[in-house]
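Listing of final04.cif; format and content: mmCIF, C-alpha atoms.
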data_query
loop_
_atom_site.label_atom_id
_atom_site.label_comp_id
_atom_site.auth_asym_id
_atom_site.auth_seq_id
_atom_site.Cartn_x
_atom_site.Cartn_y
_atom_site.Cartn_z
CA MET A 16 89.96 44.76 113.39
CA ALA A 17 88.47 44.69 109.95
CA GLU A 18 85.23 42.92 109.29
CA HIS A 19 86.68 40.12 107.23
CA GLN A 20 89.06 39.26 110.07
CA SER A 21 86.18 38.53 112.43
CA ALA A 22 84.66 36.29 109.76
CA LEU A 23 87.98 34.49 109.34
CA LEU A 24 88.33 33.95 113.07
CA LEU A 25 84.80 32.59 113.36
CA ARG A 26 85.30 30.35 110.34
CA LYS A 27 88.47 28.97 111.93
CA GLN A 28 86.61 28.21 115.15
CA LEU A 29 83.80 26.54 113.23
CA ASN A 30 86.25 24.29 111.41
CA ASP A 31 88.12 23.51 114.64
CA LEU A 32 84.89 22.55 116.41
CA LYS A 33 83.83 20.35 113.51
CA LYS A 34 87.18 18.58 113.53
CA ASN A 35 87.49 18.33 117.30
CA PRO A 36 84.01 18.47 118.86
CA VAL A 37 83.87 19.48 122.51
CA GLU A 38 81.89 17.41 124.97
CA GLY A 39 78.68 18.98 126.19
CA PHE A 40 77.54 20.92 123.15
CA SER A 41 77.43 20.92 119.38
CA ALA A 42 77.87 24.10 117.40
CA GLY A 43 77.09 25.22 113.89
CA LEU A 44 75.69 28.17 112.01
CA ALA A 45 72.02 29.09 112.28
CA ASN A 46 72.13 29.83 108.57
CA ASP A 47 74.96 28.67 106.35
CA ASP A 48 75.26 32.09 104.73
CA ASP A 49 75.87 34.02 107.95
CA ILE A 50 79.03 33.32 109.91
CA TYR A 51 77.94 35.81 112.60
CA VAL A 52 74.94 33.85 113.89
CA TRP A 53 75.66 30.50 115.48
CA GLU A 54 73.27 27.84 116.65
CA VAL A 55 74.42 25.75 119.56
CA LEU A 56 72.79 22.74 121.17
CA ILE A 57 73.76 22.35 124.81
CA ILE A 58 73.40 18.93 126.32
CA GLY A 59 72.08 19.14 129.87
CA PRO A 60 75.10 18.39 132.09
CA PRO A 61 75.05 14.86 133.57
CA ASP A 62 74.23 14.51 137.27
CA THR A 63 72.35 17.80 137.32
CA LEU A 64 68.64 18.61 137.17
CA TYR A 65 69.18 19.52 133.52
CA GLU A 66 70.45 16.07 132.53
CA GLY A 67 68.62 14.72 129.50
CA GLY A 68 67.71 18.18 128.24
CA PHE A 69 68.79 19.66 124.93
CA PHE A 70 68.93 23.43 125.00
CA LYS A 71 69.11 25.31 121.75
CA CYS A 72 70.71 28.73 121.78
CA HIS A 73 71.93 31.36 119.38
CA LEU A 74 75.08 33.43 119.54
CA TYR A 75 75.07 36.78 117.74
CA PHE A 76 78.59 37.98 116.99
CA PRO A 77 79.35 41.63 116.26
CA LYS A 78 81.39 42.53 113.18
CA ASP A 79 84.20 43.70 115.48
CA TYR A 80 84.47 40.37 117.30
CA PRO A 81 86.77 39.50 119.13
CA LEU A 82 87.07 43.06 120.43
CA ARG A 83 83.47 42.90 121.54
CA PRO A 84 81.45 39.98 122.92
CA PRO A 85 78.62 38.14 121.21
CA LYS A 86 75.12 38.17 122.63
CA MET A 87 73.68 34.82 123.57
CA LYS A 88 70.07 33.76 123.81
CA PHE A 89 68.44 30.48 124.81
CA LEU A 90 65.68 29.55 122.39
CA THR A 91 64.66 26.59 124.53
CA GLU A 92 62.81 27.59 127.68
CA ILE A 93 64.99 27.17 130.74
CA TRP A 94 64.30 27.55 134.45
CA HIS A 95 67.41 28.65 136.30
CA PRO A 96 68.06 31.23 139.04
CA ASN A 97 71.11 32.89 137.48
CA SER A 98 72.27 34.31 134.31
CA PHE A 99 69.19 34.06 132.14
CA ASP A 100 66.59 36.77 131.95
CA LYS A 101 62.98 35.85 131.19
CA ASN A 102 63.59 36.07 127.44
CA GLY A 103 66.43 33.57 127.65
CA ASN A 104 69.18 36.14 127.16
CA VAL A 105 72.36 34.95 128.82
CA CYS A 106 73.77 37.44 131.31
CA ILE A 107 77.18 36.36 132.47
CA SER A 108 79.96 38.79 133.19
CA ILE A 109 82.31 37.45 130.51
CA LEU A 110 79.74 38.53 127.90
CA HIS A 111 79.64 42.10 129.23
CA GLU A 112 81.21 44.85 127.13
CA PRO A 113 84.91 45.30 127.93
CA GLY A 114 86.57 48.07 129.89
CA ASP A 115 86.48 49.55 133.36
CA ASP A 116 83.07 50.82 134.33
CA LYS A 117 82.96 53.88 136.51
CA TYR A 118 80.63 52.23 139.03
CA GLY A 119 83.23 49.59 139.79
CA TYR A 120 80.54 46.95 139.49
CA GLU A 121 82.82 44.59 137.60
CA LYS A 122 86.54 44.61 137.07
CA ALA A 123 87.82 44.68 133.50
CA SER A 124 89.22 41.20 134.07
CA GLU A 125 85.73 39.82 134.81
CA ARG A 126 84.33 41.23 131.61
CA TRP A 127 84.77 40.26 127.98
CA LEU A 128 88.29 39.41 126.79
CA PRO A 129 89.19 38.96 123.13
CA VAL A 130 90.65 35.51 123.82
CA HIS A 131 87.19 34.08 124.43
CA THR A 132 85.95 31.67 121.81
CA VAL A 133 82.69 29.84 121.23
CA GLU A 134 84.23 27.00 123.23
CA THR A 135 85.22 29.07 126.29
CA ILE A 136 81.85 30.84 126.31
CA LEU A 137 79.98 27.54 126.17
CA VAL A 138 82.15 26.03 128.90
CA SER A 139 81.25 29.00 131.14
CA VAL A 140 77.55 28.75 130.36
CA ILE A 141 77.47 24.99 130.97
CA SER A 142 79.30 25.30 134.29
CA MET A 143 76.86 28.00 135.36
CA LEU A 144 73.98 25.75 134.29
CA ALA A 145 75.34 22.93 136.41
CA ASP A 146 75.85 25.09 139.46
CA PRO A 147 72.87 27.31 140.37
CA ASN A 148 73.48 29.78 143.18
CA ASP A 149 71.58 32.64 144.72
CA GLU A 150 74.33 35.23 144.54
CA SER A 151 73.15 36.89 141.36
CA PRO A 152 69.55 36.04 140.67
CA ALA A 153 68.86 37.11 137.09
CA ASN A 154 65.52 35.36 137.09
CA VAL A 155 64.07 36.44 140.42
CA ASP A 156 61.14 34.02 140.33
CA ALA A 157 63.37 31.05 139.59
CA ALA A 158 65.77 32.16 142.33
CA LYS A 159 62.89 32.39 144.81
CA ASP A 160 61.76 28.88 143.86
CA TRP A 161 65.29 27.55 144.09
CA ARG A 162 65.74 29.01 147.58
CA GLU A 163 62.32 28.52 149.12
CA ASN A 164 60.62 25.76 147.20
CA PRO A 165 63.12 23.24 145.84
CA VAL A 166 60.36 20.75 144.99
CA GLU A 167 58.62 23.28 142.77
CA PHE A 168 61.97 24.33 141.29
CA LYS A 169 62.79 20.74 140.36
CA ARG A 170 59.33 20.27 138.88
CA LYS A 171 59.73 23.31 136.64
CA VAL A 172 63.22 22.28 135.53
CA ALA A 173 61.93 18.79 134.75
CA ARG A 174 59.17 20.34 132.64
CA CYS A 175 61.77 22.36 130.69
CA VAL A 176 63.86 19.25 130.16
CA ARG A 177 60.80 17.34 128.90
CA LYS A 178 59.78 20.19 126.59
CA SER A 179 63.32 20.45 125.24
CA GLN A 180 63.22 16.76 124.27
CA GLU A 181 59.92 17.26 122.44
CA MET A 182 61.39 20.16 120.49
CA LEU A 183 64.02 17.95 118.86
CA MET B 2 80.34 35.38 137.30
CA GLY B 3 77.49 37.83 137.71
CA ASN B 4 74.20 38.52 136.11
CA CYS B 5 73.52 41.51 133.96
CA LEU B 6 70.68 43.11 135.89
CA LYS B 7 72.77 45.97 137.19
CA ALA B 8 74.96 46.12 134.14
CA VAL B 9 71.97 46.39 131.86
CA SER B 10 70.35 49.12 133.88
CA SER B 11 73.59 51.05 134.18
CA SER B 12 74.23 50.77 130.47
CA ASN B 13 70.79 52.16 129.78
CA ASP B 14 71.62 54.99 132.11
CA ASP B 15 74.81 55.62 130.24
CA ILE B 16 73.01 55.85 126.95
CA SER B 17 70.20 58.06 128.23
CA LEU B 18 72.67 60.36 129.96
CA LEU B 19 74.61 60.55 126.77
CA ARG B 20 71.51 61.51 124.81
CA GLU B 21 70.52 64.19 127.26
CA ALA B 22 73.98 65.59 127.51
CA THR B 23 74.66 65.85 123.83
CA SER B 24 71.11 65.69 122.41
CA ILE B 25 72.29 63.99 119.25
CA PRO B 26 69.36 62.87 117.19
CA ARG B 27 69.85 59.14 116.77
CA GLU B 28 67.60 57.94 114.02
CA SER B 29 67.39 54.20 113.78
CA SER B 30 69.40 53.28 116.83
CA SER B 31 66.78 54.39 119.37
CA SER B 32 64.11 52.06 118.06
CA SER B 33 66.49 49.12 118.00
CA GLU B 34 67.32 49.73 121.63
CA GLN B 35 63.73 49.11 122.72
CA LEU B 36 63.31 45.95 124.74
CA GLY B 37 62.23 42.83 122.97
CA PRO B 38 63.77 39.77 121.45
CA PRO B 39 67.14 40.66 119.95
CA PRO B 40 67.12 38.60 116.77
CA SER B 41 69.90 40.55 115.14
CA TYR B 42 73.02 41.89 116.72
CA GLN B 43 72.66 45.51 117.80
CA GLU B 44 75.53 47.44 116.38
CA THR B 45 76.41 50.32 118.66
CA VAL B 46 78.69 51.80 116.05
CA ASN B 47 76.51 53.57 113.54
CA GLN B 48 79.07 56.14 112.52
CA PRO B 49 80.69 56.23 109.11
CA SER B 50 83.78 54.08 109.27
CA SER B 51 86.08 56.96 108.34
CA LEU B 52 85.51 58.65 111.71
CA PRO B 53 87.48 57.16 114.58
CA VAL B 54 85.19 55.88 117.33
CA TYR B 55 86.29 55.68 120.94
CA TYR B 56 85.08 53.67 123.92
CA PRO B 57 85.31 55.77 127.08
CA SER B 58 83.62 53.07 129.18
CA PRO B 59 81.73 49.79 128.66
CA ASN B 60 78.65 50.14 126.44
CA VAL B 61 79.63 53.66 125.44
CA SER B 62 81.07 54.40 122.03
CA ARG B 63 81.37 57.84 120.49
CA PRO B 64 83.05 59.47 117.55
CA ALA B 65 85.99 61.68 118.41
CA SER B 66 83.95 64.84 117.81
CA GLN B 67 81.54 64.00 120.63
CA LEU B 68 83.96 63.21 123.43
CA THR B 69 84.01 65.34 126.56
CA GLU B 70 87.24 67.09 127.40
CA GLU B 71 87.86 64.68 130.25
CA GLU B 72 87.42 61.71 127.93
CA GLN B 73 89.71 63.24 125.34
CA ILE B 74 92.44 63.56 127.96
CA LYS B 75 91.91 60.00 129.13
CA ILE B 76 92.07 58.67 125.59
CA ALA B 77 95.17 60.71 124.75
CA GLN B 78 96.84 59.36 127.90
CA ARG B 79 95.86 55.84 126.93
CA MET B 80 97.30 56.30 123.42
CA GLY B 81 100.50 57.63 124.95
CA LEU B 82 100.79 54.66 127.31
CA ILE B 83 100.22 52.21 124.46
CA GLN B 84 102.94 53.91 122.41
CA HIS B 85 105.32 53.41 125.35
CA LEU B 86 104.91 49.66 125.25
CA PRO B 87 107.78 48.07 123.37
CA THR B 88 107.25 46.76 119.86
CA GLY B 89 109.29 44.56 117.64
CA GLU B 90 109.17 42.09 114.83
CA PHE B 91 108.39 38.48 115.39
CA ASP B 92 111.64 36.59 114.92
CA GLY B 93 110.48 33.06 115.69
CA SER B 94 112.40 32.89 118.97
CA LYS B 95 109.39 33.37 121.22
CA LYS B 96 107.63 30.45 122.83
CA ASN B 97 104.31 31.96 121.74
CA LYS B 98 103.56 30.98 118.18
CA GLU B 99 100.01 32.28 117.92
CA CYS B 100 98.38 35.67 118.53
CA ALA B 101 95.68 34.90 121.11
CA ILE B 102 93.44 37.64 119.73
CA CYS B 103 93.19 36.73 116.04
CA MET B 104 94.26 33.10 116.65
CA GLY B 105 96.56 33.47 113.67
CA ASP B 106 100.11 32.12 113.72
CA PHE B 107 102.86 34.71 113.99
CA THR B 108 105.03 34.77 110.90
CA ILE B 109 108.59 36.06 110.84
CA GLY B 110 108.59 39.83 110.51
CA ASP B 111 105.06 40.38 111.89
CA PRO B 112 104.91 43.59 113.94
CA ILE B 113 104.31 42.56 117.55
CA ARG B 114 103.85 44.42 120.82
CA PHE B 115 105.17 43.27 124.20
CA LEU B 116 103.02 43.83 127.28
CA PRO B 117 104.68 44.23 130.71
CA CYS B 118 103.48 40.72 131.60
CA MET B 119 105.60 39.55 128.62
CA HIS B 120 102.65 38.36 126.57
CA ILE B 121 102.96 39.27 122.90
CA TYR B 122 100.34 40.02 120.26
CA HIS B 123 100.15 41.44 116.77
CA THR B 124 100.53 45.21 117.26
CA GLU B 125 97.34 45.85 115.30
CA CYS B 126 95.32 43.30 117.30
CA ILE B 127 96.43 44.41 120.77
CA ASP B 128 96.35 48.17 120.12
CA ASP B 129 92.66 48.05 119.16
CA TRP B 130 91.96 46.04 122.28
CA LEU B 131 93.97 48.24 124.67
CA MET B 132 91.95 51.27 123.57
CA ARG B 133 88.89 49.50 124.95
CA SER B 134 90.33 47.79 127.97
CA PHE B 135 93.80 48.26 129.41
CA THR B 136 94.08 44.61 130.34
CA CYS B 137 96.19 41.77 129.02
CA PRO B 138 93.73 39.40 127.31
CA SER B 139 95.71 36.33 128.32
CA CYS B 140 96.52 36.90 132.00
CA MET B 141 94.01 39.70 132.74
CA GLU B 142 96.81 41.73 134.28
CA PRO B 143 95.92 45.45 134.22
CA VAL B 144 98.54 46.91 131.91
CA ASP B 145 98.89 50.26 133.71
CA ALA B 146 99.53 48.63 137.10
CA ALA B 147 102.16 46.41 135.52
CA LEU B 148 103.71 49.43 133.81
CA LEU B 149 103.94 51.31 137.11
CA SER B 150 105.53 48.40 138.94
CA SER B 151 108.00 47.87 136.10
CA TYR B 152 109.02 51.54 136.40
CA GLN B 153 109.51 51.12 140.15
CA THR B 154 111.80 48.14 139.79
CA ASP B 155 113.91 49.95 137.18
#

Now, as a test, write the supplied structure out as structure tokens.
Amino acid sequence: MAEHQSALLLRKQLNDLKKNPVEGFSAGLANDDDIYVWEVLIIGPPDTLYEGGFFKCHLYFPKDYPLRPPKMKFLTEIWHPNSFDKNGNVCISILHEPGDDKYGYEKASERWLPVHTVETILVSVISMLADPNDESPANVDAAKDWRENPVEFKRKVARCVRKSQEML
Amino acid sequence: MGNCLKAVSSSNDDISLLREATSIPRESSSSSEQLGPPPSYQETVNQPSSLPVYYPSPNVSRPASQLTEEEQIKIAQRMGLIQHLPTGEFDGSKKNKECAICMGDFTIGDPIRFLPCMHIYHTECIDDWLMRSFTCPSCMEPVDAALLSSYQTD
């Protein structure tokens, strides 16, 4: 798909999200001149430890989007057992490059699909945020806390939430 | 939903294997692959746009001249399978009004391709995708499995 088509598709999504905002996050461009870098503010999901937090993240779209996934990075510090590495990079399977890998680690259907939009990506990230588990600990220290020391885990999440409010 | 610990390490393996196997000097790309904050998107396709680039597996992209024989066969087979999928022109009679890949509305006369699961897309949009992943973007049905079962029922 030609470069200008990815820009058109992203522009369309931006306009759609401005017209019909989706609950749970607000999305815009990090810099008005660059349609390929988005800045998103995720509102900590209600009734979770992250409630009250505002988490800023960036999405970096490739020129051949939607054939390839964007990369996503949390700029606000976050303490969570899954799906974020220590630098805040989001590691969920739907953001993994498409195709069948020879190791059989993930099926093609679990990986990136070109029907994903900013909205579907954010919905996945928010649901993961709301539902920590210890199946795939991307942040091993946070996973250890979450499993063995829930009090400490809660304390660290609360600190992130507080810090995220100060950042605004 | 998984994390990317394994995927990241395996992708690094892929790239390092690729370098050893073909020993292509990659100028700027190697430094951008070093760990660190990724402020800008890392383009894996550094080749001139005139050369076709293929995607033998996730995180691996290579120009046609650097494919192994096995990969060439696989890609040729894939192209053949794609060409066997029926095409047509959008005539307005389908329930689907929008191509789920480009999110653009179908207009009468647009070239479209039918997948065995009966989902339709712009031919150009879906063909590019099927070269990367032989999966229907809407229902995640593997296209080859659906093709085989449709042959069996014939």

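Here, the PyMOL selection byres ((chain A) within 7 of (chain B)) matches A:Met16, A:Leu24, A:Tyr75, A:Phe76, A:Pro77, A:Pro81, A:Leu82, A:Asn97, A:Ser98, A:Cys106, A:Ile107, A:Ser108, A:Glu112, A:Pro113, A:Gly114, A:Asp115, A:Asp116, A:Ala123, A:Ser124, A:Leu128, A:Pro129, A:Val130, A:Ser151, A:Pro152, A:Ala153.
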
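Using all atoms listed in the file, the contacts of Thr132 of chain A at a cut-off of 9 Å, with sequence neighbours closer than 4 positions omitted, comprise Leu25, Gln28, Pro81, Ile136 and Leu137 of chain A.
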
Tell me, in Å to one decimal, how far atom CA of Gln84 of chain B is from atom CA of Val144 of chain B.
12.6 Å

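Between atom CA of Leu116 of chain B and atom CA of Arg83 of chain A the separation is 20.4 Å.
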
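The neighbours of Glu54 of chain A here are the residues that come within 6 Å of it, using all atoms listed in the file and leaving out any residue fewer than 2 positions away in the same chain; they are Ala42, Gly43, Leu44, Ala45, Cys72 and His73 of chain A.
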
Tell me which residues the PyMOL selection byres ((chain A and resi 180) around 9) grabs here, as a list in words.
Gly67, Gly68, Phe69, Phe70, Cys175, Val176, Arg177, Lys178, Ser179, Glu181, Met182 and Leu183 of chain A

Take the residues just selected and output them with C-alpha atoms as a CSV table (one decimal), keeping the file's coordinate frame.
chain,number,residue,atom,x,y,z
A,67,GLY,CA,68.6,14.7,129.5
A,68,GLY,CA,67.7,18.2,128.2
A,69,PHE,CA,68.8,19.7,124.9
A,70,PHE,CA,68.9,23.4,125.0
A,175,CYS,CA,61.8,22.4,130.7
A,176,VAL,CA,63.9,19.2,130.2
A,177,ARG,CA,60.8,17.3,128.9
A,178,LYS,CA,59.8,20.2,126.6
A,179,SER,CA,63.3,20.4,125.2
A,181,GLU,CA,59.9,17.3,122.4
A,182,MET,CA,61.4,20.2,120.5
A,183,LEU,CA,64.0,18.0,118.9

Atom pair atom CA of Leu144 of chain A / atom CA of Ala157 of chain A: separation (Å)
13.0 Å

Residues at most 12 Å from Phe91 of chain B, counting only C-alpha atoms, excluding those fewer than 5 positions away in the same chain, as JSON, numbers by chain?
{"B": [96, 97, 98, 99, 100, 106, 107, 108, 109, 110, 111, 112, 113, 114, 115, 121, 122, 123, 124]}

Hits of the PyMOL selection byres ((chain A and resi 96) around 12) in this structure, as a ChimeraX atom specification:
/A:93-95,97-101,103,105-106,143-163,165,168-169,171-172 /B:3-4

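Look at Gly39 of chain A: the protein and nucleic acid residues within 9 Å of it, using all atoms listed in the file and passing over chain neighbours fewer than 4 places away, are Leu56, Ile57, Ile58, Gly59, Pro60, Leu137, Val138 and Ile141 of chain A.
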